[in-house]
Structure formats: structure tokens, C-alpha cells
$ cat my_file29.tsv   # TSV, C-alpha atoms
chain	number	residue	atom	x	y	z
A	1	MET	CA	15.46	-19.98	65.54
A	2	PRO	CA	12.70	-20.34	62.90
A	3	SER	CA	10.71	-23.53	62.84
A	4	PRO	CA	11.29	-26.10	60.05
A	5	GLU	CA	7.97	-25.09	58.43
A	6	VAL	CA	9.05	-21.45	58.24
A	7	GLN	CA	12.43	-22.45	56.80
A	8	ASP	CA	10.76	-24.60	54.15
A	9	LEU	CA	8.42	-21.71	53.26
A	10	SER	CA	11.41	-19.36	52.95
A	11	LYS	CA	13.10	-21.80	50.58
A	12	VAL	CA	9.96	-21.99	48.44
A	13	GLU	CA	9.72	-18.19	48.29
A	14	ALA	CA	13.40	-17.93	47.36
A	15	GLY	CA	12.86	-20.48	44.60
A	16	LEU	CA	9.89	-18.56	43.21
A	17	ASP	CA	11.90	-15.33	43.28
A	18	ALA	CA	14.69	-17.08	41.40
A	19	LEU	CA	12.21	-18.20	38.75
A	20	ASP	CA	10.93	-14.63	38.32
A	21	THR	CA	14.44	-13.17	38.07
A	22	PRO	CA	15.60	-12.75	34.44
A	23	THR	CA	18.40	-15.09	33.61
A	24	THR	CA	21.68	-13.48	32.63
A	25	THR	CA	23.91	-14.86	29.98
A	26	GLN	CA	27.56	-14.20	29.37
A	27	THR	CA	28.01	-11.05	27.35
A	28	GLU	CA	29.12	-11.83	23.82
A	29	PRO	CA	31.71	-9.50	22.23
A	30	ARG	CA	30.09	-6.87	20.06
A	31	ARG	CA	32.21	-7.76	17.04
A	32	ARG	CA	31.15	-11.39	17.27
A	33	ARG	CA	27.47	-10.43	17.65
A	34	VAL	CA	27.61	-8.21	14.58
A	35	LEU	CA	29.37	-10.91	12.60
A	36	ARG	CA	26.88	-13.56	13.69
A	37	ALA	CA	23.96	-11.34	12.72
A	38	ALA	CA	25.39	-10.11	9.41
A	39	LEU	CA	27.00	-13.25	8.05
A	40	PRO	CA	23.86	-15.35	7.29
A	41	PRO	CA	22.10	-12.68	5.18
A	42	VAL	CA	25.36	-11.88	3.36
A	43	ILE	CA	25.81	-15.56	2.51
A	44	ALA	CA	22.19	-15.77	1.35
A	45	LEU	CA	22.68	-12.68	-0.85
A	46	VAL	CA	25.82	-14.16	-2.41
A	47	VAL	CA	23.98	-17.41	-3.17
A	48	VAL	CA	21.07	-15.53	-4.78
A	49	VAL	CA	23.40	-13.43	-6.94
A	50	ALA	CA	25.36	-16.54	-7.95
A	51	ILE	CA	22.17	-18.33	-9.03
A	52	TRP	CA	21.02	-15.20	-10.85
A	53	GLN	CA	24.35	-14.94	-12.67
A	54	ALA	CA	24.20	-18.64	-13.63
A	55	LEU	CA	20.67	-18.29	-15.01
A	56	TRP	CA	21.70	-15.21	-17.01
A	57	ALA	CA	24.77	-16.99	-18.39
A	58	ALA	CA	22.64	-19.98	-19.40
A	59	ALA	CA	20.43	-17.59	-21.42
A	60	PHE	CA	17.15	-19.24	-20.46
A	61	TRP	CA	15.43	-15.88	-20.94
A	62	PRO	CA	16.27	-12.96	-23.24
A	63	GLU	CA	18.29	-10.04	-21.88
A	64	PHE	CA	15.29	-7.71	-21.60
A	65	GLN	CA	13.59	-10.18	-19.25
A	66	LEU	CA	16.59	-11.19	-17.13
A	67	PRO	CA	19.49	-8.72	-17.20
A	68	ALA	CA	22.85	-9.56	-15.68
A	69	PRO	CA	23.52	-8.59	-12.05
A	70	LEU	CA	26.18	-6.15	-13.27
A	71	ALA	CA	23.59	-4.39	-15.46
A	72	VAL	CA	21.38	-3.81	-12.42
A	73	TRP	CA	24.39	-2.64	-10.41
A	74	SER	CA	25.30	-0.22	-13.21
A	75	LYS	CA	21.76	1.19	-13.14
A	76	PHE	CA	22.04	1.64	-9.39
A	77	GLU	CA	25.38	3.44	-9.79
A	78	ASP	CA	23.83	5.79	-12.35
A	79	LEU	CA	20.98	6.54	-9.94
A	80	VAL	CA	23.44	7.37	-7.18
A	81	GLY	CA	25.84	9.27	-9.46
A	82	THR	CA	23.14	11.64	-10.73
A	83	GLY	CA	21.83	12.20	-7.20
A	84	LYS	CA	18.36	11.13	-8.29
A	85	ILE	CA	18.30	8.41	-5.66
A	86	TRP	CA	17.94	10.95	-2.84
A	87	GLU	CA	14.87	12.53	-4.44
A	88	VAL	CA	13.32	9.11	-5.02
A	89	LEU	CA	14.00	7.86	-1.50
A	90	TRP	CA	12.99	11.09	0.26
A	91	THR	CA	9.69	11.35	-1.63
A	92	SER	CA	8.64	7.85	-0.60
A	93	ILE	CA	10.14	7.57	2.88
A	94	HIS	CA	8.82	10.85	4.23
A	95	ARG	CA	5.34	10.03	2.91
A	96	ALA	CA	5.45	6.60	4.52
A	97	ALA	CA	6.71	8.03	7.83
A	98	LEU	CA	4.06	10.76	8.01
A	99	GLY	CA	1.29	8.37	7.01
A	100	PHE	CA	2.45	5.77	9.53
A	101	LEU	CA	2.63	8.29	12.39
A	102	ALA	CA	-0.87	9.52	11.55
A	103	ALA	CA	-2.07	5.90	11.51
A	104	VAL	CA	-0.57	5.31	14.97
A	105	VAL	CA	-2.34	8.38	16.36
A	106	ILE	CA	-5.68	7.19	14.94
A	107	ALA	CA	-5.34	3.43	15.47
A	108	THR	CA	-4.16	3.49	19.11
A	109	PRO	CA	-7.33	4.99	20.67
A	110	LEU	CA	-9.41	3.00	18.17
A	111	GLY	CA	-7.76	-0.23	19.31
A	112	LEU	CA	-8.32	0.65	22.97
A	113	LEU	CA	-11.97	1.39	22.25
A	114	VAL	CA	-12.52	-1.87	20.38
A	115	ALA	CA	-10.71	-3.89	23.03
A	116	LYS	CA	-12.54	-2.47	26.05
A	117	VAL	CA	-16.04	-1.59	24.79
A	118	ARG	CA	-18.02	-4.71	23.98
A	119	HIS	CA	-20.58	-3.05	21.69
A	120	VAL	CA	-17.87	-1.28	19.70
A	121	ARG	CA	-16.03	-4.57	19.21
A	122	ALA	CA	-19.20	-6.27	18.04
A	123	ALA	CA	-19.89	-3.41	15.62
A	124	ILE	CA	-16.53	-2.70	14.00
A	125	GLY	CA	-14.25	-5.54	15.13
A	126	PRO	CA	-15.11	-7.74	12.12
A	127	LEU	CA	-14.83	-4.68	9.87
A	128	LEU	CA	-11.27	-4.04	11.03
A	129	SER	CA	-10.34	-7.65	10.35
A	130	GLY	CA	-11.88	-7.43	6.89
A	131	LEU	CA	-10.12	-4.18	6.09
A	132	GLN	CA	-6.82	-5.69	7.19
A	133	SER	CA	-7.20	-8.46	4.61
A	134	LEU	CA	-8.29	-6.08	1.85
A	135	PRO	CA	-5.48	-5.44	-0.67
A	136	SER	CA	-4.34	-1.83	-0.40
A	137	VAL	CA	-4.28	-1.42	-4.16
A	138	ALA	CA	-8.09	-1.66	-4.14
A	139	TRP	CA	-8.25	1.74	-2.42
A	140	VAL	CA	-6.19	3.57	-5.04
A	141	PRO	CA	-8.92	4.12	-7.70
A	142	ALA	CA	-11.41	5.25	-5.04
A	143	ALA	CA	-8.86	7.60	-3.45
A	144	ILE	CA	-8.07	9.19	-6.82
A	145	LEU	CA	-11.77	9.78	-7.50
A	146	TRP	CA	-12.34	11.20	-4.00
A	147	PHE	CA	-9.24	13.37	-3.59
A	148	GLY	CA	-7.76	13.69	-7.08
A	149	LEU	CA	-4.13	13.20	-8.08
A	150	ASN	CA	-2.54	14.79	-5.04
A	151	ASP	CA	-0.92	13.83	-1.75
A	152	GLY	CA	-4.33	13.43	-0.11
A	153	SER	CA	-5.08	10.31	-2.14
A	154	ILE	CA	-1.63	8.87	-1.32
A	155	TYR	CA	-2.02	9.41	2.43
A	156	PHE	CA	-5.56	8.01	2.41
A	157	VAL	CA	-4.31	4.75	0.89
A	158	VAL	CA	-1.48	4.57	3.46
A	159	LEU	CA	-3.89	5.12	6.35
A	160	ALA	CA	-6.40	2.62	5.00
A	161	GLY	CA	-3.67	0.02	4.76
A	162	SER	CA	-2.03	0.53	8.17
A	163	ILE	CA	-4.76	1.52	10.66
A	164	PRO	CA	-6.50	-1.90	10.79
A	165	SER	CA	-3.22	-3.75	11.43
A	166	ILE	CA	-2.13	-1.44	14.26
A	167	ALA	CA	-5.57	-1.47	15.89
A	168	ASN	CA	-5.90	-5.26	15.65
A	169	GLY	CA	-2.40	-5.72	17.06
A	170	LEU	CA	-3.29	-3.59	20.08
A	171	VAL	CA	-6.58	-5.46	20.55
A	172	ALA	CA	-4.74	-8.80	20.47
A	173	GLY	CA	-2.21	-7.52	23.00
A	174	ILE	CA	-4.91	-6.29	25.39
A	175	ASP	CA	-6.83	-9.56	25.09
A	176	GLN	CA	-3.75	-11.38	26.40
A	177	ILE	CA	-3.41	-9.23	29.53
A	178	PRO	CA	-4.08	-11.18	32.75
A	179	PRO	CA	-7.46	-9.97	34.11
A	180	ILE	CA	-5.94	-9.26	37.52
A	181	LEU	CA	-3.92	-6.29	36.24
A	182	PRO	CA	-6.90	-4.06	35.30
A	183	ARG	CA	-8.59	-5.07	38.57
A	184	VAL	CA	-5.57	-4.01	40.59
A	185	GLY	CA	-5.49	-0.69	38.78
A	186	LYS	CA	-9.18	-0.13	39.47
A	187	THR	CA	-8.69	-1.03	43.13
A	188	LEU	CA	-5.88	1.48	43.41
A	189	GLY	CA	-8.14	4.20	42.02
A	190	ALA	CA	-6.90	4.45	38.45
A	191	GLY	CA	-9.40	6.07	36.11
A	192	LYS	CA	-10.00	4.97	32.54
A	193	LEU	CA	-7.33	7.20	31.03
A	194	ALA	CA	-4.78	6.35	33.72
A	195	ALA	CA	-5.54	2.63	33.38
A	196	ALA	CA	-5.10	2.81	29.62
A	197	ARG	CA	-1.81	4.71	29.89
A	198	PHE	CA	-0.16	2.94	32.83
A	199	ILE	CA	-1.67	-0.55	32.72
A	200	LEU	CA	-3.22	-1.55	29.40
A	201	LEU	CA	-0.65	-0.12	26.99
A	202	PRO	CA	2.46	-1.28	28.91
A	203	ALA	CA	1.00	-4.75	29.49
A	204	ALA	CA	-0.07	-5.07	25.84
A	205	LEU	CA	3.25	-3.74	24.54
A	206	PRO	CA	4.49	-6.95	22.81
A	207	GLY	CA	1.26	-7.33	20.82
A	208	TYR	CA	1.16	-3.58	20.17
A	209	ILE	CA	4.71	-3.60	18.78
A	210	ALA	CA	3.81	-6.57	16.57
A	211	GLY	CA	0.85	-4.55	15.28
A	212	LEU	CA	3.09	-1.54	14.68
A	213	LYS	CA	5.53	-3.65	12.67
A	214	GLN	CA	2.73	-5.07	10.58
A	215	GLY	CA	1.18	-1.61	10.25
A	216	TRP	CA	4.47	-0.24	8.90
A	217	ALA	CA	4.71	-3.11	6.42
A	218	PHE	CA	1.16	-2.44	5.23
A	219	SER	CA	1.72	1.31	5.01
A	220	TRP	CA	4.89	0.78	2.94
A	221	ARG	CA	3.11	-1.64	0.61
A	222	SER	CA	0.13	0.71	0.34
A	223	LEU	CA	2.39	3.62	-0.53
A	224	MET	CA	4.12	1.65	-3.28
A	225	ALA	CA	0.76	0.64	-4.75
A	226	ALA	CA	-0.46	4.24	-4.67
A	227	GLU	CA	2.72	5.67	-6.21
A	228	LEU	CA	2.73	2.97	-8.87
A	229	ILE	CA	-0.81	3.74	-10.04
A	230	ALA	CA	-1.27	7.44	-9.27
A	231	GLN	CA	1.04	9.32	-11.64
A	232	SER	CA	1.19	13.12	-11.71
A	233	PRO	CA	3.91	15.83	-11.68
A	234	ASP	CA	2.28	17.19	-8.52
A	235	LEU	CA	2.99	13.90	-6.69
A	236	GLY	CA	6.74	14.02	-7.08
A	237	PHE	CA	8.91	11.10	-8.12
A	238	GLY	CA	9.10	8.30	-5.58
A	239	LEU	CA	10.07	4.65	-5.69
A	240	GLY	CA	6.70	3.62	-7.10
A	241	ALA	CA	7.03	6.14	-9.93
A	242	TYR	CA	10.60	4.98	-10.57
A	243	LEU	CA	9.37	1.39	-10.80
A	244	ASN	CA	6.60	2.41	-13.17
A	245	GLU	CA	9.10	4.33	-15.33
A	246	GLY	CA	11.21	1.20	-15.75
A	247	SER	CA	8.11	-0.77	-16.75
A	248	ASN	CA	7.03	1.85	-19.30
A	249	TYR	CA	10.48	1.82	-20.95
A	250	ASN	CA	10.77	-2.00	-20.81
A	251	ASP	CA	13.93	-1.51	-18.75
A	252	MET	CA	14.14	-4.60	-16.56
A	253	ALA	CA	17.38	-3.40	-14.96
A	254	GLU	CA	15.58	-0.29	-13.71
A	255	VAL	CA	12.60	-2.37	-12.56
A	256	LEU	CA	14.85	-4.67	-10.52
A	257	THR	CA	16.76	-1.69	-9.11
A	258	ALA	CA	13.49	-0.19	-7.90
A	259	ILE	CA	12.40	-3.50	-6.38
A	260	PHE	CA	15.70	-3.88	-4.55
A	261	LEU	CA	15.49	-0.32	-3.20
A	262	ILE	CA	11.94	-0.93	-1.95
A	263	LEU	CA	13.14	-4.11	-0.27
A	264	ILE	CA	16.19	-2.45	1.28
A	265	VAL	CA	14.11	0.37	2.78
A	266	GLY	CA	11.63	-2.09	4.26
A	267	ILE	CA	14.39	-4.24	5.79
A	268	GLY	CA	16.32	-1.19	6.98
A	269	ILE	CA	13.36	0.29	8.85
A	270	ASP	CA	12.72	-3.04	10.55
A	271	LEU	CA	16.35	-3.53	11.58
A	272	LEU	CA	17.05	0.07	12.65
A	273	LEU	CA	13.73	0.96	14.31
A	274	PHE	CA	11.47	-1.93	15.22
A	275	ARG	CA	14.06	-4.60	16.01
A	276	PRO	CA	15.84	-2.53	18.73
A	277	ILE	CA	12.49	-1.58	20.31
A	278	GLU	CA	11.34	-5.20	20.28
A	279	ARG	CA	14.61	-6.42	21.79
A	280	ALA	CA	14.47	-3.77	24.52
A	281	VAL	CA	10.92	-4.76	25.47
A	282	LEU	CA	11.74	-8.46	25.54
A	283	ARG	CA	14.91	-7.85	27.56
A	284	ALA	CA	13.02	-5.72	30.08
A	285	ARG	CA	10.56	-8.58	30.58
A	286	GLY	CA	13.31	-11.13	31.04
A	287	LEU	CA	12.54	-12.91	27.75
A	288	THR	CA	16.18	-13.17	26.79
A	289	GLY	CA	15.66	-16.54	25.10
A	290	ALA	CA	13.71	-14.82	22.33
A	291	LEU	CA	16.71	-12.61	21.54
A	292	THR	CA	19.03	-15.40	20.44
$ encode --input "my_file29.tsv" --output "C-alpha cells"
Amino acid sequence: MPSPEVQDLSKVEAGLDALDTPTTTQTEPRRRRVLRAALPPVIALVVVVAIWQALWAAAFWPEFQLPAPLAVWSKFEDLVGTGKIWEVLWTSIHRAALGFLAAVVIATPLGLLVAKVRHVRAAIGPLLSGLQSLPSVAWVPAAILWFGLNDGSIYFVVLAGSIPSIANGLVAGIDQIPPILPRVGKTLGAGKLAAARFILLPAALPGYIAGLKQGWAFSWRSLMAAELIAQSPDLGFGLGAYLNEGSNYNDMAEVLTAIFLILIVGIGIDLLLFRPIERAVLRARGLTGALT
């Protein structure tokens, strides 16, 4: 029979294991989860539209400055009915997706380099932070002069807007890794590439995902700024061009329709792509409290 000291030690170890074990909560019905997630934004949208309708009815501003909600809805229906909406959305979304993927490919090794090489961090770390705070619209005139009115200038602005955010997010995630993890990997014989792939990136995943989300937001904003300013038949007709068209014709209903479409795409990408990835990572690490 084990001694009392051994029994007490076993109880302590069992308690520590229980603390490390992710807590499980009662599974909520899917219908209730969907309703709980969808109801607050729907209520908020109804409130905003009601306030908008009340302001329009009070006629504080002329019609060309504040159209009725039904006028904006009618413009949206026309856009869908003519099929023009698919051209507008495809032109912008595929550009944003390609630019964002290219930014990920460039920013990931750059972030690893800045995080792990002291001299590189001292040299370009402040530059990355400065570029992250630089408004993306500032790159548009330079990109047009460098590349002309073509897709190259658009993609340059997208990359310039998203690379610093992704790289800085990865650097922040790596900085928060417990020092013992890289030491264990080195002790087990992991080389630099293996350590980066199997230790640094998985351990820094929450910060990396946060950087990816911010990088997408910056790439989307950069794209809209580029499409709004750079106008050419060779560039196609995206959401930025559609917004600029409404401004040129003093059509506030079209301007608001474009703004709402830009907003919907941004929210949709976050909800359909980044939110599930973030929830899966948090759930795998037992951080279920952050999912409520």
C-alpha cells in the first residue's frame, strides 16, 4: 500500500491534470446557437434602419444627401436585376483574395525573420510598425506613377497595406511563446526550418491569426482606396469604381449601396473564414470561455 506522502502526491498530480484538461460544457442546440448569434445584429440593423427612416421623414437634409432606405434598396435591386453586382463583386473580391494570399506568402517568412534575428528586428522592425500605421491611400499615387493604370498598381497597394500587419501579428505571437518550447525543440534536434514549422508557427498561432485578420482588413481597405482613385477601363469595374460612379453622378443611393456592399463583404469574410478558424484554434487549446 502506498505511503501517505505518495498518495498526497498522486492527488496533487491528478488535480494538476484536471486543471490542464479543457472544460466541457453542455452542447447547445444548433438552432439556438444560430438564433443567439444572429438575433443581436438583426436587432441592431432594424434599429439603424428605423433611425435612418425617421431622419429621412423629418427632412433634416435634402433628398440628395439622405435618401430613404427604400431608395437604397431599390438601387440594390437594380444592381442585382441587371446582373452587374456579380461583375462588381468578382472584380474586387478576387483581387483582394489574390493580393492577400501573396501578402501571406511574403509576410510569414518576413515575420519569422524579424522575430528571431535580432539585427533584422532592429533594422526593419520599426519600419514595419510605421508602414502599418501609414494610410494605404498614400501609396496609390506612387503606385500609379510606378506601374501605371493596371492591375500591378492595385496589387502593390494591397500588398503594402497588408504585409506589415501580418508580419507584426506573427512577431507578436512568437514573442509570447514560452522560452522553454524552442529550447525543447533544439534539444530534440530540430533544425531552424523544423523549429519554425513545428514549434514557432503552431505556438504563435493565436497571434498569427489575429495578424491575418488585421492583414485582410487592411488589404480590403487598401483595395477600395486603390479602386476608388485609379480609374481605367483596363482595371475593370469593382466596388471602388462603383462607389466613385455614384459620387460622380451625385447619386447618394448608389454611394450608400456601394458602402453597404463593401461592409457586407468585409463582415462575410470574417464570419465565414476567420471566425471558424479562430474558434477551432481556441477550442483545440481548451479556451472555450473565449467562444461564448
$ closest_residue --input "my_file29.tsv" --among "A:Phe100, A:Phe76, A:Trp146, A:Phe64" --to "A:Tyr242" --atoms "all atoms listed in the file"
A:Phe76
$ axis_aligned_box --input "my_file29.tsv" --around "stretch 123-137 of chain A" --padding-each-side "5 Å" --output "JSON"
{"center_x": -12.1, "center_y": -4.9, "center_z": 5.7, "size_x": 25.6, "size_y": 17.0, "size_z": 29.8}
$ residues_around --input "my_file29.tsv" --residues "stretch 120-126 of chain A" --least-positions-apart "5" --cutoff "10 Å" --atoms "only C-alpha atoms" --output "list in words"
Leu110, Gly111, Leu113, Val114, Ala115, Leu131, Gln132, Pro164, Ala167, Asn168 and Val171 of chain A
$ closest_atom_pairs --input "my_file29.tsv" --of "stretch 67-166 of chain A" --to "stretch 214-220 of chain A" --cutoff "7 Å" --atoms "only C-alpha atoms" --output "CSV"
residue,atom,partner,partner_atom,distance
A:Ala96,CA,A:Trp220,CA,6.1
A:Phe100,CA,A:Trp216,CA,6.4
A:Val158,CA,A:Ser219,CA,4.8
A:Leu159,CA,A:Ser219,CA,6.9
A:Gly161,CA,A:Phe218,CA,5.4
A:Ser162,CA,A:Gly215,CA,4.4
A:Ile163,CA,A:Gly215,CA,6.7
A:Ser165,CA,A:Gly215,CA,5.0
A:Ile166,CA,A:Gly215,CA,5.2
$ atom_distance --input "my_file29.tsv" --atom1 "atom CA of A:Trp56" --atom2 "atom CA of A:Met252"
13.0 Å
$ closest_residue --input "my_file29.tsv" --among "A:Asp270, A:Asp175, A:Asp234, A:Glu245" --to "A:Thr91" --atoms "only C-alpha atoms"
A:Asp234
$ closest_residue --input "my_file29.tsv" --among "A:Leu70, A:Ala97, A:Ala204, A:Ala102" --to "A:Ile269" --atoms "all atoms listed in the file"
A:Ala97
$ closest_residue --input "my_file29.tsv" --among "A:Ala230, A:Ile264, A:Ile174, A:Ile209" --to "A:Ile93" --atoms "all atoms listed in the file"
A:Ile264
$ atom_distance --input "my_file29.tsv" --atom1 "atom CA of A:Phe260" --atom2 "atom CA of A:Ala143"
27.1 Å
$ residues_near_point --input "my_file29.tsv" --point "(8.4, 1.6, -7.6)" --cutoff "9 Å" --atoms "only C-alpha atoms" --output "list in words"
Met224, Ala225, Glu227, Leu228, Gly238, Leu239, Gly240, Ala241, Tyr242, Leu243, Asn244, Glu245, Gly246, Val255, Ala258, Ile259, Leu261 and Ile262 of chain A
$ closest_residue --input "my_file29.tsv" --among "A:Pro178, A:Ala44, A:Asn248, A:Leu170" --to "A:Pro109" --atoms "all atoms listed in the file"
A:Leu170
$ closest_residue --input "my_file29.tsv" --among "A:Leu39, A:Ala68, A:Val117, A:Ser129" --to "A:Gln53" --atoms "only C-alpha atoms"
A:Ala68
$ atom_distance --input "my_file29.tsv" --atom1 "atom CA of A:Glu77" --atom2 "atom CA of A:Ala50"
20.1 Å
$ residues_around --input "my_file29.tsv" --residues "A:Trp139" --least-positions-apart "2" --cutoff "10 Å" --atoms "all atoms listed in the file" --output "list in words"
Leu134, Pro135, Ser136, Val137, Pro141, Ala142, Ala143, Ile144, Ser153, Ile154, Phe156, Val157, Val158, Ala160, Gly161, Ser222, Ala225 and Ala226 of chain A
